[in-house]
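The structure appears below as structure tokens.
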Amino acid sequence: MNISKIISKNRANQKMSQEQFAEALGVSRQTVQKWETGMTLPDTENLMKISKMFGVSLDALVFGSGVREQEEKRLIDDFQPDYASIPAWELYSSSEQMRVEYKQCLDEGLDVAEYEDLFKATVKLPRGKHRETIANEIFRMIREAKLIEDYPFEEPSDYAGIRRLRDGYVPEGIIPDTKTLEKKIRGAWVGRFCGCFLGAPVECCRRNELIPFLKQTGNYPMHRYLRSSDLSKEILRNYKFTFYKGSQCSDIVDHMPSNDDTNYTVMAQMIVKRYGRDFTPFDVSRLWLNTQCKDAYCTAERVAFRNLILGYNPPESAMYKNPYREWIGAQIRGDYYGYINPGDFETAADMAWRDASISHVKNGIYGAMMVAAMISAAAVTDNLQAIVRAGLGQIPKTSRLYKKCTRIYRMHEEGRTEKEVFSDIYRRYDDTDSHDWTHTISNAEIVVAALLYGMGDFARSICMAVEVGFDTDCNGATVGSILGMRGGIDCIGEEWRRPIGDRLDTSIFGLPSITIDELVKTTLEQINPR
């Protein structure tokens, strides 16, 4: 049907004569007559008047029965993501995310047990919009879920709430002189690199294969980096795990390879350089978006990155459909805030909170705050017990992290052996389960145990943190960072420093590599004079 017939039909339906129609529009009857016979067509202004008068869209008026609208609607309805191409870290309805979400909710004390069958049934559906729709509804129910009765923990994510519940322990200590502080800062950076490099080749290797592998290669108890000879075909055929090769072997590299555990430390320095010491969580989120590609981020960080792109700013970026919200990611990002706040535990923890809160909540945040405060304490005291307590002093004493790490501390005080402590950790956590393996709390317990039972020996401590399994490169890096700050660069043997060389590769845009001297120099410049 052409426009002339459409106008005529709609005028007749309105029971209007040509004269009445013309008068309503402010045109002559002859003009209307020409429109309806097809001699001329209405201009844009009159088309809009006619559309409004008849209560129809311009599409319906010009094209008839809304053909264009229907076509656009059909195209929109047909547009669907290719769910098969979306990694499990980004697809909330994936079996991995649904499984972790359910366990995470139970950890947080949310009353969701009655939904267990719904979680399980959802992941059995084929990938697609229907499964994602149901998962979105599960997320809504989780957000409305209440705490179970008698849940024993109080775990706020806001900074004021955290401050209110901490014990605030402050160890005695002395701010070192400039020369000593320079050695400590260098030791912290290099110690982090050494611990990370030690753990990286066996990251994701579970204990049932890690221990036999170390024994077969003559490296148990662990006392050295992996070598290329450890990764021969004859040895590797005995294991299902795919061990990293090439740049992860100490006899091949001449500098520190890129790793997310070290990228974040460099990025923290960039945050302070770009935004100052008063940076905000929003500032951190902007640097994230502009500094690395999506694939540089994992688990909670990957979800937060996606959320930031979608317009969810902190703290919502940490909470929206993020089952990894208490995993270890933020704990590996807090070191630098300890580096630049020697002896100022509270500021170190505050900065770590600002960084962590864009991707984590509750214990996920506390892990970052605890590590930052421990490093801050390690700058001013050698006492390992005091260093651990300084970290615990900056997180809520009503939290799961505080309770579990205090348990390790007390077992050490009571004279329990290293073997007893790690057996206790193995009994309570399943390292074949990704949630236990990568959670903040299980790994923080390993860090505390390695610090206390390593007795300040740098090599023994980082090896202990790695050989027990779980998140090996993260724990090795954290322990190395704390002890490197405590003892300075001189506490790290040449056999550990040699493969690291004098520079670090990164995946940060525009910064393919940076020297250790540059990192140390900028760190010293960013320390707040006290």
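Residues are named by chain letter and number: chains run A, B, ... in the order of the structure tokens, numbers start at 1 in each chain, and ligands are numbered from 1 in the order shown.
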For range 256-272 of chain A, find every residue with an atom within 8 Å (counting only C-alpha atoms), except residues of its own chain fewer than 4 positions away, and show them as a PDB file with N, CA, C and O atoms, in the first residue's frame.
```pdb
ATOM      1  N   ARG A 192      60.426 -10.554  45.265  1.00  0.00           N
ATOM      2  CA  ARG A 192      59.147 -10.882  44.610  1.00  0.00           C
ATOM      3  C   ARG A 192      59.397 -11.596  43.291  1.00  0.00           C
ATOM      4  O   ARG A 192      58.732 -12.586  42.970  1.00  0.00           O
ATOM      5  N   PHE A 193      60.340 -11.097  42.519  1.00  0.00           N
ATOM      6  CA  PHE A 193      60.648 -11.729  41.232  1.00  0.00           C
ATOM      7  C   PHE A 193      61.157 -13.165  41.432  1.00  0.00           C
ATOM      8  O   PHE A 193      60.753 -14.083  40.712  1.00  0.00           O
ATOM      9  N   CYS A 196      58.322 -15.518  42.535  1.00  0.00           N
ATOM     10  CA  CYS A 196      57.401 -15.717  41.416  1.00  0.00           C
ATOM     11  C   CYS A 196      58.010 -16.658  40.381  1.00  0.00           C
ATOM     12  O   CYS A 196      57.347 -17.588  39.892  1.00  0.00           O
ATOM     13  N   PHE A 197      59.276 -16.432  40.045  1.00  0.00           N
ATOM     14  CA  PHE A 197      59.950 -17.249  39.043  1.00  0.00           C
ATOM     15  C   PHE A 197      60.085 -18.697  39.504  1.00  0.00           C
ATOM     16  O   PHE A 197      59.994 -19.636  38.712  1.00  0.00           O
ATOM     17  N   SER A 247      61.156 -20.136  28.789  1.00  0.00           N
ATOM     18  CA  SER A 247      61.477 -18.953  29.588  1.00  0.00           C
ATOM     19  C   SER A 247      61.267 -19.164  31.078  1.00  0.00           C
ATOM     20  O   SER A 247      61.532 -18.259  31.866  1.00  0.00           O
ATOM     21  N   GLN A 248      60.816 -20.353  31.506  1.00  0.00           N
ATOM     22  CA  GLN A 248      60.618 -20.599  32.927  1.00  0.00           C
ATOM     23  C   GLN A 248      61.779 -21.383  33.556  1.00  0.00           C
ATOM     24  O   GLN A 248      61.697 -21.749  34.722  1.00  0.00           O
ATOM     25  N   GLY A 276      48.880  10.111  42.050  1.00  0.00           N
ATOM     26  CA  GLY A 276      49.318  10.536  43.373  1.00  0.00           C
ATOM     27  C   GLY A 276      48.938   9.529  44.442  1.00  0.00           C
ATOM     28  O   GLY A 276      48.217   8.567  44.205  1.00  0.00           O
ATOM     29  N   ARG A 277      49.408   9.792  45.644  1.00  0.00           N
ATOM     30  CA  ARG A 277      49.162   8.868  46.756  1.00  0.00           C
ATOM     31  C   ARG A 277      47.695   8.859  47.185  1.00  0.00           C
ATOM     32  O   ARG A 277      47.255   7.946  47.873  1.00  0.00           O
ATOM     33  N   ASP A 278      46.935   9.834  46.782  1.00  0.00           N
ATOM     34  CA  ASP A 278      45.508   9.894  47.124  1.00  0.00           C
ATOM     35  C   ASP A 278      44.625   9.307  46.018  1.00  0.00           C
ATOM     36  O   ASP A 278      43.453   9.659  45.901  1.00  0.00           O
ATOM     37  N   PHE A 279      45.182   8.421  45.217  1.00  0.00           N
ATOM     38  CA  PHE A 279      44.411   7.816  44.134  1.00  0.00           C
ATOM     39  C   PHE A 279      43.141   7.150  44.683  1.00  0.00           C
ATOM     40  O   PHE A 279      43.061   6.784  45.858  1.00  0.00           O
ATOM     41  N   ASP A 283      40.285   5.611  39.895  1.00  0.00           N
ATOM     42  CA  ASP A 283      41.549   5.849  39.198  1.00  0.00           C
ATOM     43  C   ASP A 283      42.205   4.514  38.812  1.00  0.00           C
ATOM     44  O   ASP A 283      42.720   4.366  37.700  1.00  0.00           O
ATOM     45  N   VAL A 284      42.189   3.577  39.741  1.00  0.00           N
ATOM     46  CA  VAL A 284      42.764   2.257  39.455  1.00  0.00           C
ATOM     47  C   VAL A 284      42.050   1.624  38.269  1.00  0.00           C
ATOM     48  O   VAL A 284      42.679   1.062  37.363  1.00  0.00           O
ATOM     49  N   LEU A 287      43.171   3.069  34.937  1.00  0.00           N
ATOM     50  CA  LEU A 287      44.495   2.596  34.522  1.00  0.00           C
ATOM     51  C   LEU A 287      44.413   1.160  34.000  1.00  0.00           C
ATOM     52  O   LEU A 287      45.074   0.818  33.029  1.00  0.00           O
ATOM     53  N   ALA A 296      45.157 -10.223  29.721  1.00  0.00           N
ATOM     54  CA  ALA A 296      46.169 -10.119  30.777  1.00  0.00           C
ATOM     55  C   ALA A 296      45.557 -10.327  32.156  1.00  0.00           C
ATOM     56  O   ALA A 296      46.279 -10.476  33.142  1.00  0.00           O
ATOM     57  N   TYR A 297      44.225 -10.345  32.226  1.00  0.00           N
ATOM     58  CA  TYR A 297      43.533 -10.466  33.505  1.00  0.00           C
ATOM     59  C   TYR A 297      42.910 -11.851  33.636  1.00  0.00           C
ATOM     60  O   TYR A 297      42.480 -12.444  32.651  1.00  0.00           O
ATOM     61  N   ILE A 332      47.766 -10.537  45.492  1.00  0.00           N
ATOM     62  CA  ILE A 332      49.034 -10.437  44.769  1.00  0.00           C
ATOM     63  C   ILE A 332      49.289  -9.012  44.281  1.00  0.00           C
ATOM     64  O   ILE A 332      50.332  -8.743  43.694  1.00  0.00           O
ATOM     65  N   ARG A 333      48.333  -8.106  44.527  1.00  0.00           N
ATOM     66  CA  ARG A 333      48.472  -6.745  44.024  1.00  0.00           C
ATOM     67  C   ARG A 333      48.842  -5.729  45.105  1.00  0.00           C
ATOM     68  O   ARG A 333      49.029  -4.550  44.808  1.00  0.00           O
ATOM     69  N   GLY A 334      48.927  -6.176  46.355  1.00  0.00           N
ATOM     70  CA  GLY A 334      49.082  -5.210  47.439  1.00  0.00           C
ATOM     71  C   GLY A 334      50.502  -4.863  47.832  1.00  0.00           C
ATOM     72  O   GLY A 334      50.728  -3.935  48.617  1.00  0.00           O
ATOM     73  N   ASP A 335      51.491  -5.570  47.298  1.00  0.00           N
ATOM     74  CA  ASP A 335      52.873  -5.403  47.779  1.00  0.00           C
ATOM     75  C   ASP A 335      53.386  -3.970  47.702  1.00  0.00           C
ATOM     76  O   ASP A 335      54.012  -3.470  48.645  1.00  0.00           O
ATOM     77  N   TYR A 336      53.148  -3.335  46.568  1.00  0.00           N
ATOM     78  CA  TYR A 336      53.783  -2.036  46.344  1.00  0.00           C
ATOM     79  C   TYR A 336      53.370  -1.005  47.393  1.00  0.00           C
ATOM     80  O   TYR A 336      54.156  -0.114  47.743  1.00  0.00           O
ATOM     81  N   TYR A 337      52.160  -1.125  47.893  1.00  0.00           N
ATOM     82  CA  TYR A 337      51.684  -0.150  48.876  1.00  0.00           C
ATOM     83  C   TYR A 337      52.407  -0.321  50.209  1.00  0.00           C
ATOM     84  O   TYR A 337      52.483   0.625  51.005  1.00  0.00           O
ATOM     85  N   ASP A 473      53.144 -19.598  42.306  1.00  0.00           N
ATOM     86  CA  ASP A 473      53.890 -18.383  41.972  1.00  0.00           C
ATOM     87  C   ASP A 473      53.434 -17.197  42.805  1.00  0.00           C
ATOM     88  O   ASP A 473      54.233 -16.338  43.179  1.00  0.00           O
ATOM     89  N   CYS A 474      52.143 -17.161  43.137  1.00  0.00           N
ATOM     90  CA  CYS A 474      51.635 -16.061  43.965  1.00  0.00           C
ATOM     91  C   CYS A 474      52.230 -16.119  45.369  1.00  0.00           C
ATOM     92  O   CYS A 474      52.708 -15.110  45.898  1.00  0.00           O
ATOM     93  N   ALA A 477      55.976 -15.412  45.409  1.00  0.00           N
ATOM     94  CA  ALA A 477      56.231 -13.983  45.207  1.00  0.00           C
ATOM     95  C   ALA A 477      55.958 -13.182  46.468  1.00  0.00           C
ATOM     96  O   ALA A 477      56.731 -12.284  46.838  1.00  0.00           O
ATOM     97  N   PRO A 499      69.482 -15.539  37.617  1.00  0.00           N
ATOM     98  CA  PRO A 499      68.557 -15.686  36.480  1.00  0.00           C
ATOM     99  C   PRO A 499      67.630 -14.484  36.290  1.00  0.00           C
ATOM    100  O   PRO A 499      67.160 -14.223  35.182  1.00  0.00           O
ATOM    101  N   ILE A 500      67.380 -13.758  37.371  1.00  0.00           N
ATOM    102  CA  ILE A 500      66.487 -12.599  37.293  1.00  0.00           C
ATOM    103  C   ILE A 500      67.145 -11.438  36.565  1.00  0.00           C
ATOM    104  O   ILE A 500      66.479 -10.621  35.932  1.00  0.00           O
ATOM    105  N   GLY A 501      68.466 -11.355  36.634  1.00  0.00           N
ATOM    106  CA  GLY A 501      69.183 -10.291  35.949  1.00  0.00           C
ATOM    107  C   GLY A 501      68.854  -8.922  36.504  1.00  0.00           C
ATOM    108  O   GLY A 501      68.617  -8.754  37.697  1.00  0.00           O
ATOM    109  N   ARG A 503      66.471  -6.752  34.848  1.00  0.00           N
ATOM    110  CA  ARG A 503      65.259  -6.153  34.266  1.00  0.00           C
ATOM    111  C   ARG A 503      64.095  -7.130  34.257  1.00  0.00           C
ATOM    112  O   ARG A 503      64.264  -8.334  34.442  1.00  0.00           O
ATOM    113  N   LEU A 504      62.925  -6.554  34.032  1.00  0.00           N
ATOM    114  CA  LEU A 504      61.670  -7.291  34.051  1.00  0.00           C
ATOM    115  C   LEU A 504      60.903  -7.020  32.764  1.00  0.00           C
ATOM    116  O   LEU A 504      60.783  -5.876  32.339  1.00  0.00           O
ATOM    117  N   ASP A 505      60.371  -8.073  32.141  1.00  0.00           N
ATOM    118  CA  ASP A 505      59.447  -7.901  31.018  1.00  0.00           C
ATOM    119  C   ASP A 505      58.033  -7.740  31.564  1.00  0.00           C
ATOM    120  O   ASP A 505      57.696  -8.297  32.626  1.00  0.00           O
ATOM    121  N   THR A 506      57.202  -6.999  30.836  1.00  0.00           N
ATOM    122  CA  THR A 506      55.806  -6.825  31.247  1.00  0.00           C
ATOM    123  C   THR A 506      54.891  -6.955  30.032  1.00  0.00           C
ATOM    124  O   THR A 506      55.349  -6.925  28.886  1.00  0.00           O
ATOM    125  N   SER A 507      53.592  -7.069  30.305  1.00  0.00           N
ATOM    126  CA  SER A 507      52.586  -7.047  29.237  1.00  0.00           C
ATOM    127  C   SER A 507      51.852  -5.712  29.218  1.00  0.00           C
ATOM    128  O   SER A 507      50.801  -5.572  28.596  1.00  0.00           O
ATOM    129  N   ILE A 508      52.413  -4.722  29.901  1.00  0.00           N
ATOM    130  CA  ILE A 508      51.793  -3.397  30.005  1.00  0.00           C
ATOM    131  C   ILE A 508      52.031  -2.626  28.712  1.00  0.00           C
ATOM    132  O   ILE A 508      53.146  -2.596  28.186  1.00  0.00           O
ATOM    133  N   LEU A 519      62.800   0.746  38.772  1.00  0.00           N
ATOM    134  CA  LEU A 519      61.725   0.439  39.719  1.00  0.00           C
ATOM    135  C   LEU A 519      62.086   0.904  41.119  1.00  0.00           C
ATOM    136  O   LEU A 519      61.258   1.504  41.826  1.00  0.00           O
ATOM    137  N   THR A 522      62.100   4.904  41.410  1.00  0.00           N
ATOM    138  CA  THR A 522      60.758   5.491  41.489  1.00  0.00           C
ATOM    139  C   THR A 522      60.102   5.168  42.826  1.00  0.00           C
ATOM    140  O   THR A 522      59.397   6.009  43.407  1.00  0.00           O
ATOM    141  N   THR A 523      60.319   3.965  43.326  1.00  0.00           N
ATOM    142  CA  THR A 523      59.747   3.590  44.624  1.00  0.00           C
ATOM    143  C   THR A 523      60.245   4.514  45.727  1.00  0.00           C
ATOM    144  O   THR A 523      59.456   5.019  46.536  1.00  0.00           O
ATOM    145  N   GLN A 526      58.558   7.803  45.714  1.00  0.00           N
ATOM    146  CA  GLN A 526      57.137   7.818  46.081  1.00  0.00           C
ATOM    147  C   GLN A 526      56.893   7.544  47.560  1.00  0.00           C
ATOM    148  O   GLN A 526      55.756   7.599  48.023  1.00  0.00           O
TER     149      GLN A 526
END
```
Residues within 12 Å of Tyr151 in chain A, only C-alpha atoms, excluding chain neighbours under 5 positions, as a list in words: Leu106, Asp107, Glu108, Gly109, Leu110, Asp111, Lys146, Thr398, Ser399 and Arg400 of chain A
Residues flagged alpha helix (DSSP H) by DSSP in range 310-479 of chain A, as a PyMOL selection string: chain A and resi 316-319+335-339+345-356+362-378+384-392+400-413+418-428+434-438+440-454+458-467+472-479
Non-local contacts of range 420-431 of chain A (8 Å; only C-alpha atoms; under 3 positions in same chain excluded) as an MDAnalysis selection string: chainID A and resid 206:207 408 411:412 416:417 434 436:437 442 445:446 449 468:470
Next, the residues of the selection above should be written as a CSV table (one decimal), in the first residue's frame with all heavy atoms.
```csv
chain,number,residue,atom,x,y,z
A,206,ARG,N,49.0,-29.9,40.8
A,206,ARG,CA,48.5,-30.3,42.1
A,206,ARG,C,49.5,-31.1,42.8
A,206,ARG,O,50.4,-31.7,42.3
A,206,ARG,CB,47.2,-31.1,41.9
A,206,ARG,CG,45.9,-30.3,41.7
A,206,ARG,CD,46.0,-28.9,41.3
A,206,ARG,NE,44.7,-28.2,41.2
A,206,ARG,CZ,44.5,-27.0,40.6
A,206,ARG,NH1,45.5,-26.4,40.1
A,206,ARG,NH2,43.3,-26.5,40.6
A,207,ARG,N,49.3,-31.2,44.1
A,207,ARG,CA,50.3,-31.8,45.0
A,207,ARG,C,50.6,-33.3,44.7
A,207,ARG,O,51.7,-33.8,44.8
A,207,ARG,CB,49.7,-31.7,46.5
A,207,ARG,CG,50.7,-32.0,47.5
A,207,ARG,CD,50.2,-31.6,48.9
A,207,ARG,NE,49.1,-32.5,49.3
A,207,ARG,CZ,47.8,-32.0,49.3
A,207,ARG,NH1,47.5,-30.8,48.9
A,207,ARG,NH2,46.8,-32.8,49.8
A,408,ILE,N,47.1,-20.5,62.3
A,408,ILE,CA,48.4,-20.9,62.0
A,408,ILE,C,49.4,-20.3,62.9
A,408,ILE,O,50.4,-21.0,63.4
A,408,ILE,CB,48.7,-20.5,60.5
A,408,ILE,CG1,47.7,-21.1,59.5
A,408,ILE,CG2,50.2,-20.8,60.1
A,408,ILE,CD1,47.8,-22.6,59.5
A,411,MET,N,49.4,-22.2,66.2
A,411,MET,CA,50.0,-23.5,66.1
A,411,MET,C,51.5,-23.4,66.2
A,411,MET,O,52.2,-24.2,66.8
A,411,MET,CB,49.5,-24.2,64.8
A,411,MET,CG,48.1,-24.6,64.8
A,411,MET,SD,47.6,-25.4,63.2
A,411,MET,CE,48.3,-27.0,63.4
A,412,HIS,N,52.0,-22.4,65.5
A,412,HIS,CA,53.5,-22.2,65.6
A,412,HIS,C,53.9,-21.8,67.0
A,412,HIS,O,54.9,-22.3,67.5
A,412,HIS,CB,53.9,-21.0,64.6
A,412,HIS,CG,55.3,-20.7,64.6
A,412,HIS,ND1,55.8,-19.6,65.4
A,412,HIS,CD2,56.4,-21.2,64.0
A,412,HIS,CE1,57.1,-19.5,65.2
A,412,HIS,NE2,57.5,-20.5,64.4
A,416,ARG,N,53.9,-26.6,67.4
A,416,ARG,CA,53.5,-27.6,66.4
A,416,ARG,C,54.5,-27.6,65.2
A,416,ARG,O,55.0,-26.5,64.9
A,416,ARG,CB,52.1,-27.4,65.9
A,416,ARG,CG,51.0,-27.2,66.9
A,416,ARG,CD,50.7,-28.6,67.6
A,416,ARG,NE,49.9,-29.3,66.6
A,416,ARG,CZ,48.5,-29.2,66.5
A,416,ARG,NH1,47.9,-28.3,67.3
A,416,ARG,NH2,47.9,-30.0,65.7
A,417,THR,N,54.8,-28.7,64.7
A,417,THR,CA,55.8,-28.8,63.6
A,417,THR,C,55.3,-28.3,62.3
A,417,THR,O,54.1,-28.2,62.1
A,417,THR,CB,56.3,-30.3,63.4
A,417,THR,OG1,55.2,-31.0,62.9
A,417,THR,CG2,56.8,-30.9,64.8
A,434,SER,N,39.3,-25.9,42.3
A,434,SER,CA,39.8,-24.6,42.0
A,434,SER,C,39.5,-23.5,43.0
A,434,SER,O,40.3,-22.6,43.2
A,434,SER,CB,39.3,-24.2,40.6
A,434,SER,OG,37.9,-24.1,40.6
A,436,ASP,N,39.2,-23.8,46.4
A,436,ASP,CA,40.1,-23.9,47.5
A,436,ASP,C,41.5,-23.6,47.0
A,436,ASP,O,42.3,-22.9,47.7
A,436,ASP,CB,40.2,-25.4,48.0
A,436,ASP,CG,39.0,-25.7,48.9
A,436,ASP,OD1,38.1,-24.8,49.1
A,436,ASP,OD2,38.9,-26.8,49.5
A,437,TRP,N,41.9,-24.0,45.8
A,437,TRP,CA,43.3,-23.8,45.3
A,437,TRP,C,43.6,-22.4,45.1
A,437,TRP,O,44.7,-22.0,45.3
A,437,TRP,CB,43.4,-24.6,44.0
A,437,TRP,CG,44.7,-24.6,43.4
A,437,TRP,CD1,45.8,-25.4,43.7
A,437,TRP,CD2,45.2,-23.7,42.4
A,437,TRP,NE1,46.9,-25.0,42.9
A,437,TRP,CE2,46.5,-24.0,42.1
A,437,TRP,CE3,44.6,-22.6,41.7
A,437,TRP,CZ2,47.3,-23.3,41.1
A,437,TRP,CZ3,45.3,-21.9,40.7
A,437,TRP,CH2,46.6,-22.3,40.4
A,442,SER,N,43.1,-19.8,51.9
A,442,SER,CA,44.0,-21.0,51.9
A,442,SER,C,45.4,-20.6,51.6
A,442,SER,O,46.4,-21.1,52.2
A,442,SER,CB,43.5,-22.0,50.9
A,442,SER,OG,43.3,-21.5,49.6
A,445,GLU,N,47.2,-18.6,54.4
A,445,GLU,CA,47.6,-19.5,55.5
A,445,GLU,C,49.0,-20.0,55.1
A,445,GLU,O,49.9,-20.1,56.0
A,445,GLU,CB,46.6,-20.6,55.7
A,445,GLU,CG,45.4,-20.2,56.4
A,445,GLU,CD,44.5,-21.3,56.7
A,445,GLU,OE1,45.0,-22.3,57.3
A,445,GLU,OE2,43.3,-21.3,56.3
A,446,ILE,N,49.2,-20.4,53.8
A,446,ILE,CA,50.5,-20.9,53.4
A,446,ILE,C,51.6,-19.9,53.5
A,446,ILE,O,52.7,-20.1,54.0
A,446,ILE,CB,50.4,-21.4,52.0
A,446,ILE,CG1,49.5,-22.7,51.9
A,446,ILE,CG2,51.7,-21.7,51.3
A,446,ILE,CD1,49.1,-23.1,50.5
A,449,ALA,N,52.5,-19.5,57.2
A,449,ALA,CA,53.2,-20.7,57.7
A,449,ALA,C,54.7,-20.6,57.1
A,449,ALA,O,55.6,-20.9,57.9
A,449,ALA,CB,52.5,-22.0,57.2
A,468,VAL,N,54.6,-26.7,48.7
A,468,VAL,CA,53.4,-27.2,49.3
A,468,VAL,C,52.2,-27.2,48.3
A,468,VAL,O,51.1,-27.7,48.6
A,468,VAL,CB,53.0,-26.5,50.5
A,468,VAL,CG1,54.1,-26.6,51.6
A,468,VAL,CG2,52.7,-25.0,50.3
A,469,GLY,N,52.4,-26.5,47.1
A,469,GLY,CA,51.4,-26.5,46.1
A,469,GLY,C,50.5,-25.3,46.3
A,469,GLY,O,50.9,-24.2,46.8
A,470,PHE,N,49.2,-25.4,45.8
A,470,PHE,CA,48.2,-24.3,45.7
A,470,PHE,C,48.8,-23.3,44.8
A,470,PHE,O,49.4,-23.7,43.8
A,470,PHE,CB,47.9,-23.8,47.1
A,470,PHE,CG,47.1,-24.7,48.0
A,470,PHE,CD1,47.7,-25.8,48.7
A,470,PHE,CD2,45.7,-24.6,48.1
A,470,PHE,CE1,47.0,-26.7,49.4
A,470,PHE,CE2,45.0,-25.5,48.8
A,470,PHE,CZ,45.6,-26.5,49.5
```
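Minimum distance to Gln331 in chain A across A:Glu101, A:Asp230, A:Asp355, A:Asp150 (counting only C-alpha atoms) occurs at A:Asp355.
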Pick from A:Ile516, A:Phe345, A:Leu118, A:Asp43 nearest to Glu182 in chain A, counting only C-alpha atoms: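 Nearest to Glu182 in chain A: A:Ile516.
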Test item: residues at most 6 Å from range 34-38 of chain A, only C-alpha atoms, excluding those fewer than 3 positions along its chain, as a ChimeraX atom specification: /A:4,8,31,41
Gap from CA of Thr438 in chain A to CA of Met141 in chain A - Å, one decimal: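 Atom-to-atom, CA of Thr438 in chain A to CA of Met141 in chain A, that is 25.3 Å.
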Contact residues around range 480-495 of chain A with only C-alpha atoms at 9 Å, ignoring same-chain residues under 2 positions, as a PyMOL selection string: chain A and resi 180-196+224+335+339+371+374-384+387+451+456-459+461-462+475-478+497-499
Range 83-87 of chain A surroundings by only C-alpha atoms, 9 Å radius, close-in-sequence under 6 positions cut, as a list of chain:residue names: A:Ser94, A:Arg127, A:Gly128, A:Lys129
Residues of the last selection are to be written out with N, CA, C and O atoms, as a short mmCIF file (atom, residue, chain, number, x, y, z; two decimals), in the first residue's frame.
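part_25.cif written:
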```cif
data_model
loop_
_atom_site.label_atom_id
_atom_site.label_comp_id
_atom_site.auth_asym_id
_atom_site.auth_seq_id
_atom_site.Cartn_x
_atom_site.Cartn_y
_atom_site.Cartn_z
N SER A 94 28.47 -20.48 33.00
CA SER A 94 29.34 -21.64 32.77
C SER A 94 29.34 -22.55 33.99
O SER A 94 29.09 -22.11 35.13
N ARG A 127 24.85 -24.25 26.21
CA ARG A 127 25.24 -22.83 26.20
C ARG A 127 24.24 -22.05 25.35
O ARG A 127 23.86 -22.48 24.27
N GLY A 128 23.88 -20.88 25.83
CA GLY A 128 22.97 -20.05 25.06
C GLY A 128 22.22 -19.08 25.94
O GLY A 128 22.44 -19.01 27.15
N LYS A 129 21.32 -18.32 25.33
CA LYS A 129 20.65 -17.23 26.03
C LYS A 129 19.74 -17.74 27.15
O LYS A 129 19.57 -17.07 28.17
#
```
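Among the candidate residues A:Val202, A:Thr406, A:Pro42, A:His255, the one lying nearest to Leu231 in chain A is A:Val202, with distances computed using only C-alpha atoms.
CA of Ile328 in chain A sits 17.1 Å away from CA of Met351 in chain A.
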Pairwise distance for CA of Pro281 in chain A and CA of Leu165 in chain A, rounded to one decimal in Å: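 Result for CA of Pro281 in chain A versus CA of Leu165 in chain A: 21.6 Å, one decimal.
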Nearest residue to Glu346 in chain A from the set A:Arg163, A:Pro512, A:Lys103, A:Cys205 (distances using only C-alpha atoms): A:Arg163
